[in-house]
Amino acid sequence: MNPPRTDARRHHDPDIRGFASDNYAGAHPEVLAALALANGGHQVAYGEDAYTENLQQVIRSHFGPTAEAFPVFNGTGANVVALQAVTDRWGAVICAESAHINVDEGGAPERVGGIKLLTVPTPDGKLTPELIDRQAYGWEDEHRAMPQVVSIAQATELGTVYTPDEMRALCEHAHAHGMKVHVDGSRLANAAAALDVPMRTFTNAAGVDLLSLGGTKNGALFGEAVVVLNQDAVSHMKHLRKLSMQLASKMRFVSVQLEALLARDLWLRNARHANEMAQRLAEGVRAVHGVEILHPVQANAVFARLPHAVTERLQKRFRFYFWDEAAGDVRWMCAFDTTEDDVDTFVAALKEEMAR
C-alpha cells in the first residue's frame, strides 16, 4: 500500500537543537510509533478506551496499587486540577517562591483554580519543614487563606532534587499540620534518574498524596497526568478535570504516549540521557573563565551567570533564555535528544564569545 499523500512541508531544520527548553524537543520515535499503533478503528471516547485502562496498570506498577491516573492535556492543567482536588474554596497552597505554579503559569492556579499561593523564598528551589512553617499558620483566622496543601516540584525549577529522606520529612511535617502534599512532577523522571531510585521511592513511599506526572518534557508529543496516590485525600477529580477543560475526548492518544514512556524503561533512558548531557555541559562550562554555575547540576538544567553582552551574542547562535536578566543569569536545558556534539559545539561557542 502506498503511504497516504500529504501536502505538509517541513518548515525547520531537524538538525538544529538549542538549550532553551526540553519542551523544544520533538517526540521520541518510540512514542510516535505508539501513537500510530493506537490509531485506526474506533475506541470509546473520554477515557473509556483500552489504552487508558491499560495505563492504570502501568501507573500502579510505578506508584503502588492505589494509584489512579487522570490524563490531561498539559502541565498547567495537571497542576490546577490536582490543587483544586485537595483544597477548599478558602484554601491556600504553600510553595517555593520560584515554583512553576507561581512564576510560570500565568496566574492559572489563582485565577482559574481560585487557589491562594503562599510563597516562601528558597536559596535552591527546595522547601524544608522550617521554610514551610513560615506560612503554615492561621488555620482558624478567617482573614487569612487557610494553608491546606504543600506543593513541591521534583525536580525543582532550579534543577535541584529532593532526596527520598527530604521528601519523607516534608510529607510528615505537612501531614502533622493537617495539610496534604502535591508534587509538580513535570521532570519527575529526571529526578528519579538523578537519584537512581524508582519514582515510588520519593512519592507514594514518602507520603505524597498526589502528583502531576510529566510526559511532554521527556519525549511525549503532548499530555501529562494527575496521579492520585491517596484516594482519601482528593475530591471529585473526574468532575474537576472536565470543569477545567482538561478532559480529552480522544484520550487514547494521551494514554498511549504515557504507556510508551512508562511501560518499560523509555522514561528512564530519556531522562538519564538528558541529565548526562547537562553534566557534560556543566563540566565544559566550569572550564570557561568568567562563567559561574549558580546551582548544583542534578537534573537536566544548568544555571549560570555570564556577562550580559556575551549572552546576547551567544543567543544569536543558540536559543536559550535569561533567567534573571538584571543579574546576568541564564538557564540552559538539555533534552532526551541533546547530543554530545550539541554540548561540545555550544561550549566552544561560549569560549569564543567570552574571549572576545
# chains A, B, ... in the order shown; residues from 1 in each chain; ligands from 1

$ residues_around --residues "Phe346 (chain A)" --least-positions-apart "5" --cutoff "10 Å" --atoms "only C-alpha atoms" --output "ChimeraX atom specification"
/A:18-19,281,284-285,314,317-318,340-341,351-352

$ residues_around --residues "Ala67 (chain A)" --least-positions-apart "5" --cutoff "8 Å" --atoms "only C-alpha atoms" --output "list in words"
Gln56, Ile59, Arg60, Val227, Val228, Leu229, Asn230 and Gln231 of chain A

$ write_last_selection --atoms "C-alpha atoms" --output "tab-separated table (two decimals), in the first residue's frame"
chain	number	residue	atom	x	y	z
A	56	GLN	CA	-3.79	2.36	35.04
A	59	ILE	CA	0.86	3.59	36.71
A	60	ARG	CA	0.25	1.17	39.59
A	227	VAL	CA	-1.84	10.70	39.54
A	228	VAL	CA	-3.82	10.26	42.74
A	229	LEU	CA	-1.83	8.27	45.30
A	230	ASN	CA	-4.01	8.78	48.36
A	231	GLN	CA	-7.62	8.23	47.35

$ residues_around --residues "Pro29 (chain A)" --least-positions-apart "4" --cutoff "9 Å" --atoms "only C-alpha atoms" --output "mmCIF file with C-alpha atoms, in the first residue's frame"
data_model
loop_
_atom_site.group_PDB
_atom_site.id
_atom_site.type_symbol
_atom_site.label_atom_id
_atom_site.label_comp_id
_atom_site.auth_asym_id
_atom_site.auth_seq_id
_atom_site.Cartn_x
_atom_site.Cartn_y
_atom_site.Cartn_z
ATOM 1 C CA ALA A 33 5.246 4.583 16.926
ATOM 2 C CA ALA A 34 2.880 4.053 19.855
ATOM 3 C CA GLY A 219 9.640 12.639 24.925
#

$ closest_residue --among "A:Ala191, A:Leu83, A:Val58, A:Leu240" --to "Leu258 (chain A)" --atoms "only C-alpha atoms"
A:Val58

$ select_by_dssp --residues "region 132-295 of chain A" --states "helix (DSSP H, G or I)" --output "CSV table (one decimal) with C-alpha atoms, in the first residue's frame"
chain,number,residue,atom,x,y,z
A,132,ILE,CA,7.1,25.6,55.3
A,164,PRO,CA,13.7,10.5,49.5
A,165,ASP,CA,14.6,11.3,53.1
A,166,GLU,CA,13.9,15.0,52.4
A,167,MET,CA,10.6,14.2,50.7
A,168,ARG,CA,9.6,11.9,53.6
A,169,ALA,CA,10.4,14.7,56.2
A,170,LEU,CA,8.3,17.2,54.2
A,171,CYS,CA,5.4,14.9,54.0
A,172,GLU,CA,5.4,14.0,57.7
A,173,HIS,CA,5.7,17.7,58.6
A,174,ALA,CA,2.8,18.7,56.3
A,175,HIS,CA,0.6,15.9,57.4
A,176,ALA,CA,1.3,16.7,61.1
A,188,LEU,CA,9.9,13.6,37.8
A,189,ALA,CA,11.7,11.2,35.6
A,190,ASN,CA,14.8,13.4,35.7
A,191,ALA,CA,14.7,13.3,39.4
A,192,ALA,CA,14.5,9.5,39.6
A,193,ALA,CA,17.3,9.2,37.1
A,194,ALA,CA,19.5,11.6,39.1
A,195,LEU,CA,18.8,9.8,42.4
A,199,MET,CA,9.8,7.1,41.3
A,200,ARG,CA,7.8,5.5,44.1
A,201,THR,CA,10.7,5.9,46.5
A,202,PHE,CA,10.1,9.7,46.8
A,204,ASN,CA,3.9,7.3,47.5
A,205,ALA,CA,6.5,5.6,49.7
A,206,ALA,CA,7.4,9.0,51.1
A,216,THR,CA,6.0,16.3,27.3
A,217,LYS,CA,9.4,17.3,28.7
A,218,ASN,CA,10.5,13.6,28.5
A,231,GLN,CA,-7.6,8.2,47.4
A,232,ASP,CA,-8.9,9.7,50.7
A,233,ALA,CA,-7.1,13.0,50.0
A,237,MET,CA,-11.2,14.5,40.4
A,238,LYS,CA,-13.2,13.4,37.3
A,239,HIS,CA,-15.6,16.4,37.6
A,240,LEU,CA,-12.7,18.9,38.2
A,241,ARG,CA,-10.9,17.6,35.1
A,242,LYS,CA,-13.9,18.2,32.9
A,243,LEU,CA,-14.7,21.6,34.6
A,252,ARG,CA,-6.3,7.1,24.0
A,253,PHE,CA,-3.7,9.3,22.3
A,254,VAL,CA,-2.6,10.8,25.6
A,255,SER,CA,-2.7,7.5,27.4
A,256,VAL,CA,-0.7,5.5,24.8
A,257,GLN,CA,2.1,8.1,25.0
A,258,LEU,CA,2.4,7.7,28.7
A,259,GLU,CA,2.2,4.0,28.3
A,260,ALA,CA,5.1,4.0,25.8
A,261,LEU,CA,7.2,6.0,28.2
A,262,LEU,CA,6.4,4.1,31.4
A,266,LEU,CA,11.9,4.7,27.9
A,267,TRP,CA,11.1,7.3,30.6
A,268,LEU,CA,14.4,6.4,32.4
A,269,ARG,CA,16.5,6.2,29.2
A,270,ASN,CA,15.3,9.7,28.1
A,271,ALA,CA,15.8,11.3,31.5
A,272,ARG,CA,19.1,9.7,32.2
A,273,HIS,CA,20.5,10.9,28.8
A,274,ALA,CA,19.2,14.5,29.4
A,275,ASN,CA,20.8,14.5,32.8
A,276,GLU,CA,24.1,13.2,31.4
A,277,MET,CA,24.1,15.9,28.8
A,278,ALA,CA,23.6,18.6,31.5
A,279,GLN,CA,26.5,17.2,33.4
A,280,ARG,CA,28.7,17.3,30.3
A,281,LEU,CA,27.6,20.9,29.7
A,282,ALA,CA,28.4,21.8,33.3
A,283,GLU,CA,31.8,20.3,33.1
A,284,GLY,CA,32.6,22.2,29.9
A,285,VAL,CA,31.3,25.5,31.3
A,286,ARG,CA,33.3,25.2,34.5

$ residues_around --residues "His308 (chain A)" --least-positions-apart "3" --cutoff "12 Å" --atoms "only C-alpha atoms" --output "list of chain:residue names"
A:Gly290, A:Val291, A:Ala304, A:Arg305, A:Thr311, A:Glu312, A:Arg313, A:Leu314, A:Gln315, A:Tyr321, A:Phe322, A:Trp323, A:Asp324, A:Glu325, A:Ala326, A:Ala327, A:Gly328, A:Asp329, A:Val330, A:Glu353, A:Met354
